[in-house]
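Novice: Coordinates in model.pdb, PDB, C-alpha atoms, are listed below.
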ATOM      1  CA  MET B   1    -314.610-112.450  22.744
ATOM      2  CA  HIS B   2    -311.409-112.300  24.795
ATOM      3  CA  ARG B   3    -309.308-111.776  21.639
ATOM      4  CA  LEU B   4    -311.626-109.018  20.462
ATOM      5  CA  LEU B   5    -311.244-107.181  23.774
ATOM      6  CA  ILE B   6    -307.462-107.471  23.613
ATOM      7  CA  ALA B   7    -307.440-106.174  20.032
ATOM      8  CA  LEU B   8    -309.701-103.261  20.970
ATOM      9  CA  PHE B   9    -307.466-102.419  23.930
ATOM     10  CA  PHE B  10    -304.377-102.165  21.744
ATOM     11  CA  MET B  11    -306.200-100.178  19.076
ATOM     12  CA  THR B  12    -307.347 -97.582  21.613
ATOM     13  CA  ALA B  13    -304.457 -97.608  24.083
ATOM     14  CA  LEU B  14    -301.603 -97.415  21.608
ATOM     15  CA  PRO B  15    -302.655 -95.217  18.683
ATOM     16  CA  GLY B  16    -299.221 -93.558  18.457
ATOM     17  CA  ALA B  17    -297.489 -96.926  18.269
ATOM     18  CA  ALA B  18    -299.493 -97.933  15.221
ATOM     19  CA  THR B  19    -298.718 -94.610  13.554
ATOM     20  CA  ALA B  20    -294.996 -94.894  14.214
ATOM     21  CA  ALA B  21    -294.894 -98.511  13.042
ATOM     22  CA  GLN B  22    -296.527 -97.550   9.737
ATOM     23  CA  CYS B  23    -294.189 -94.616   9.176
ATOM     24  CA  ALA B  24    -291.352 -95.224   6.741
ATOM     25  CA  ILE B  25    -288.309 -93.060   6.117
ATOM     26  CA  PRO B  26    -288.844 -91.251   2.797
ATOM     27  CA  SER B  27    -286.738 -92.367  -0.153
ATOM     28  CA  GLY B  28    -283.255 -90.931   0.314
ATOM     29  CA  GLY B  29    -284.158 -89.872   3.849
ATOM     30  CA  GLU B  30    -281.227 -91.512   5.609
ATOM     31  CA  ALA B  31    -278.747 -89.821   3.257
ATOM     32  CA  GLU B  32    -280.462 -86.485   3.948
ATOM     33  CA  LEU B  33    -280.190 -87.068   7.701
ATOM     34  CA  GLN B  34    -276.473 -87.802   7.353
ATOM     35  CA  ALA B  35    -276.126 -84.569   5.364
ATOM     36  CA  VAL B  36    -277.958 -82.688   8.144
ATOM     37  CA  LEU B  37    -275.519 -84.063  10.706
ATOM     38  CA  GLN B  38    -272.489 -83.177   8.562
ATOM     39  CA  ALA B  39    -273.730 -79.618   8.002
ATOM     40  CA  VAL B  40    -274.573 -79.089  11.673
ATOM     41  CA  ASN B  41    -271.209 -80.471  12.773
ATOM     42  CA  ALA B  42    -269.462 -78.140  10.302
ATOM     43  CA  ASN B  43    -271.343 -75.200  11.840
ATOM     44  CA  ARG B  44    -270.434 -76.409  15.334
ATOM     45  CA  LYS B  45    -266.753 -76.775  14.409
ATOM     46  CA  ALA B  46    -266.675 -73.261  12.927
ATOM     47  CA  ARG B  47    -267.858 -71.978  16.312
ATOM     48  CA  GLY B  48    -265.442 -74.027  18.417
ATOM     49  CA  ARG B  49    -267.942 -76.666  19.538
ATOM     50  CA  GLY B  50    -267.434 -80.407  19.454
ATOM     51  CA  PRO B  51    -269.240 -82.681  16.996
ATOM     52  CA  LEU B  52    -272.504 -84.421  17.736
ATOM     53  CA  THR B  53    -272.659 -88.212  17.503
ATOM     54  CA  ARG B  54    -275.807 -89.988  16.403
ATOM     55  CA  ASP B  55    -277.465 -92.087  19.056
ATOM     56  CA  ALA B  56    -279.882 -94.900  18.133
ATOM     57  CA  THR B  57    -281.980 -94.343  21.264
ATOM     58  CA  ILE B  58    -282.448 -90.650  20.545
ATOM     59  CA  ASP B  59    -283.014 -91.489  16.858
ATOM     60  CA  ALA B  60    -285.956 -93.655  17.977
ATOM     61  CA  ALA B  61    -287.463 -90.774  19.955
ATOM     62  CA  ALA B  62    -286.992 -88.400  17.016
ATOM     63  CA  ARG B  63    -288.463 -90.902  14.548
ATOM     64  CA  GLY B  64    -291.541 -91.444  16.694
ATOM     65  CA  HIS B  65    -292.126 -87.706  16.906
ATOM     66  CA  ALA B  66    -291.553 -87.084  13.182
ATOM     67  CA  CYS B  67    -293.986 -89.867  12.328
ATOM     68  CA  ASP B  68    -296.551 -88.561  14.807
ATOM     69  CA  MET B  69    -296.366 -85.040  13.368
ATOM     70  CA  ALA B  70    -296.590 -86.330   9.781
ATOM     71  CA  ALA B  71    -299.583 -88.535  10.620
ATOM     72  CA  LYS B  72    -301.374 -85.589  12.248
ATOM     73  CA  SER B  73    -300.173 -82.955   9.737
ATOM     74  CA  HIS B  74    -299.214 -80.824  12.726
ATOM     75  CA  LEU B  75    -295.878 -79.249  13.672
ATOM     76  CA  THR B  76    -295.410 -79.231  17.452
ATOM     77  CA  HIS B  77    -292.845 -79.783  20.179
ATOM     78  CA  ASP B  78    -295.568 -80.925  22.588
ATOM     79  CA  GLY B  79    -296.525 -84.324  21.152
ATOM     80  CA  ASN B  80    -296.203 -87.273  23.550
ATOM     81  CA  GLY B  81    -295.173 -85.067  26.467
ATOM     82  CA  GLY B  82    -292.458 -82.977  24.832
ATOM     83  CA  PRO B  83    -288.883 -83.746  23.803
ATOM     84  CA  LYS B  84    -287.384 -84.476  27.235
ATOM     85  CA  ARG B  85    -290.141 -86.971  28.051
ATOM     86  CA  ARG B  86    -289.965 -88.638  24.607
ATOM     87  CA  ILE B  87    -286.188 -89.004  24.846
ATOM     88  CA  LYS B  88    -286.432 -90.407  28.374
ATOM     89  CA  LYS B  89    -289.213 -92.811  27.365
ATOM     90  CA  ALA B  90    -287.012 -94.092  24.515
ATOM     91  CA  GLY B  91    -284.402 -95.023  27.120
ATOM     92  CA  CYS B  92    -282.080 -92.021  27.333
ATOM     93  CA  LYS B  93    -282.015 -90.403  30.754
ATOM     94  CA  ALA B  94    -280.137 -87.262  29.735
ATOM     95  CA  ARG B  95    -280.136 -84.226  31.990
ATOM     96  CA  LEU B  96    -279.913 -81.801  29.082
ATOM     97  CA  THR B  97    -282.096 -82.127  25.989
ATOM     98  CA  GLY B  98    -283.170 -79.864  23.167
ATOM     99  CA  GLU B  99    -285.176 -80.104  19.983
ATOM    100  CA  ALA B 100    -285.404 -78.398  16.621
ATOM    101  CA  ILE B 101    -288.269 -79.310  14.314
ATOM    102  CA  ALA B 102    -289.254 -78.172  10.855
ATOM    103  CA  MET B 103    -291.872 -78.823   8.211
ATOM    104  CA  GLY B 104    -291.813 -78.473   4.448
ATOM    105  CA  GLN B 105    -288.109 -78.234   3.676
ATOM    106  CA  ARG B 106    -287.242 -80.630   0.853
ATOM    107  CA  ASN B 107    -283.666 -81.533   1.752
ATOM    108  CA  ALA B 108    -280.813 -81.205   4.229
ATOM    109  CA  PRO B 109    -279.465 -77.851   3.000
ATOM    110  CA  GLU B 110    -282.932 -76.278   3.217
ATOM    111  CA  VAL B 111    -283.693 -77.551   6.713
ATOM    112  CA  VAL B 112    -280.256 -76.677   8.128
ATOM    113  CA  LYS B 113    -280.519 -73.177   6.617
ATOM    114  CA  ALA B 114    -283.980 -72.713   8.141
ATOM    115  CA  TRP B 115    -282.718 -73.766  11.562
ATOM    116  CA  MET B 116    -279.543 -71.666  11.371
ATOM    117  CA  ASP B 117    -281.610 -68.621  10.307
ATOM    118  CA  SER B 118    -283.837 -69.012  13.400
ATOM    119  CA  PRO B 119    -282.076 -67.903  16.617
ATOM    120  CA  PRO B 120    -283.889 -70.376  18.932
ATOM    121  CA  HIS B 121    -283.240 -73.313  16.588
ATOM    122  CA  LYS B 122    -279.656 -72.237  15.954
ATOM    123  CA  ALA B 123    -279.073 -72.239  19.724
ATOM    124  CA  ILE B 124    -280.243 -75.877  19.903
ATOM    125  CA  LEU B 125    -278.000 -76.959  17.016
ATOM    126  CA  LEU B 126    -275.002 -75.242  18.595
ATOM    127  CA  LEU B 127    -275.702 -76.170  22.233
ATOM    128  CA  SER B 128    -272.186 -76.549  23.612
ATOM    129  CA  LYS B 129    -273.022 -79.228  26.207
ATOM    130  CA  ALA B 130    -274.870 -81.418  23.701
ATOM    131  CA  LYS B 131    -272.947 -84.538  22.678
ATOM    132  CA  ARG B 132    -275.564 -86.884  21.185
ATOM    133  CA  VAL B 133    -278.192 -86.373  18.520
ATOM    134  CA  GLY B 134    -281.211 -88.185  17.169
ATOM    135  CA  LEU B 135    -282.455 -87.332  13.695
ATOM    136  CA  ALA B 136    -285.598 -88.176  11.772
ATOM    137  CA  VAL B 137    -287.613 -87.189   8.750
ATOM    138  CA  ALA B 138    -291.119 -88.388   7.863
ATOM    139  CA  ARG B 139    -293.481 -87.633   5.001
ATOM    140  CA  ASP B 140    -297.098 -86.578   5.441
ATOM    141  CA  ASP B 141    -298.867 -88.895   2.976
ATOM    142  CA  THR B 142    -301.687 -86.393   2.464
ATOM    143  CA  SER B 143    -299.721 -83.224   1.689
ATOM    144  CA  GLY B 144    -296.342 -84.737   0.792
ATOM    145  CA  ARG B 145    -294.636 -82.383   3.267
ATOM    146  CA  LEU B 146    -291.574 -83.567   5.140
ATOM    147  CA  TYR B 147    -291.377 -83.266   8.934
ATOM    148  CA  TRP B 148    -287.871 -83.021  10.404
ATOM    149  CA  VAL B 149    -286.750 -83.656  13.991
ATOM    150  CA  PHE B 150    -283.337 -82.886  15.495
ATOM    151  CA  ASP B 151    -283.135 -83.998  19.146
ATOM    152  CA  VAL B 152    -279.981 -83.379  21.187
ATOM    153  CA  ALA B 153    -278.830 -84.562  24.603
ATOM    154  CA  ASN B 154    -275.706 -84.354  26.708
ATOM    155  CA  GLY B 155    -275.544 -88.164  26.828
ATOM    156  CA  CYS B 156    -277.645 -91.188  27.674
TER
END
Please re-express this file's structure in structure tokens.

Specialist:
Amino acid sequence: MHRLLIALFFMTALPGAATAAQCAIPSGGEAELQAVLQAVNANRKARGRGPLTRDATIDAAARGHACDMAAKSHLTHDGNGGPKRRIKKAGCKARLTGEAIAMGQRNAPEVVKAWMDSPPHKAILLLSKAKRVGLAVARDDTSGRLYWVFDVANGC
């Protein structure tokens, strides 16, 4: 009985953890994320801003959010308390954070173009005080859509 109660507790108390654990990076996803970073850094350089460096802690926050959105088939910045809270919970206590998300773009060029064509997203990608970035992409198993997350911070 005690084991059953413990199992039930974890099933109800940590639904997001199970979702994130079951979420795998789509085939070729890591290469696409590297291409996103290269394209964003090229855009930053062209505008006199320094490059962003990937951060494993912020990557974890981004991955959790991408997986959560894909599992729920819902594009939102608000999941799990919003980007600043997710990044802090992952272990990065940055003062400055920002987030760009997208759904449906099939590859790095498409998602970077979508973000650069959107003034609020472009501002996040080009945020001059941002130094670190976390990137993630997850596939919605029902629709096949990709969910993209680009989280930035001034440091951890």

Novice: If we count all atoms listed in the file, what is near Lys72 (chain B) at a cut-off of 10 Å, once residues fewer than 5 positions away on the same chain are taken out, given as an mmCIF file with C-alpha atoms, in the frame of the given file?

Specialist:
data_model
loop_
_atom_site.group_PDB
_atom_site.id
_atom_site.type_symbol
_atom_site.label_atom_id
_atom_site.label_comp_id
_atom_site.auth_asym_id
_atom_site.auth_seq_id
_atom_site.Cartn_x
_atom_site.Cartn_y
_atom_site.Cartn_z
ATOM 1 C CA THR B 19 -298.718 -94.610 13.554
ATOM 2 C CA ALA B 66 -291.553 -87.084 13.182
ATOM 3 C CA CYS B 67 -293.986 -89.867 12.328
ATOM 4 C CA ASP B 140 -297.098 -86.578 5.441
ATOM 5 C CA THR B 142 -301.687 -86.393 2.464
#

Novice: Could you expand the PyMOL selection byres ((chain B and resi 52) around 7) into the explicit residues it covers here, written as a list in words?

Specialist: Asn41, Gly50, Pro51, Thr53, Arg54, Lys131, Arg132 and Val133 of chain B

Novice: Would you work out the distance separating CA of Glu99 (chain B) from CA of Asp151 (chain B), expressed in Å to one decimal?

Specialist: 4.5 Å

Novice: Assuming the chain letters and numbering stay as they are in my file, what does the PyMOL selection byres ((chain B and resi 74) around 12) actually select? List them as a ChimeraX atom specification.

Specialist: /B:65-73,75-79,101-104,139-140,142-143,145-148

Novice: Using only C-alpha atoms, find all polymer residues with an atom at most 12 Å away from the point (-288.3, -92.1, 1.7); report them as an MDAnalysis selection string.

Specialist: chainID B and resid 23:33 106:107 136:141 144:147

Novice: What separation in Å, quoted to one decimal, exists between CA of Ala130 (chain B) and CA of Arg44 (chain B)?

Specialist: 10.7 Å

Novice: Taking (-273.7, -80.2, 10.7) in the file's coordinates, which residues come within 10 Å, counting all atoms listed in the file, written as a count of residues only?

Specialist: 20

Novice: Axis-aligned box over every listed atom of region 121-134 of chain B, padded by 4 Å per side: centre and edges in Å to one decimal, as AutoDock Vina command-line options?

Specialist:
--center_x -277.7 --center_y -80.2 --center_z 21.1 --size_x 19.1 --size_y 23.9 --size_z 18.3

Novice: So how many Å separate CA of Gly98 (chain B) and CA of Pro119 (chain B), to one decimal?

Specialist: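 CA of Gly98 (chain B) sits 13.7 Å away from CA of Pro119 (chain B).
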
Novice: Considering all atoms listed in the file, can you say which of B:Cys156, B:Met116, B:Ala56, B:Ile124 comes closest to Arg95 (chain B)?

Specialist: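 Ranking B:Cys156, B:Met116, B:Ala56, B:Ile124 by distance to Arg95 (chain B), first place goes to B:Cys156.
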
Novice: Could you check which of B:Gly82, B:Arg49, B:Ile58, B:Glu110 is closest to Ala94 (chain B), using all atoms listed in the file?

Specialist: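 Selected residue with least distance to Ala94 (chain B): B:Ile58.
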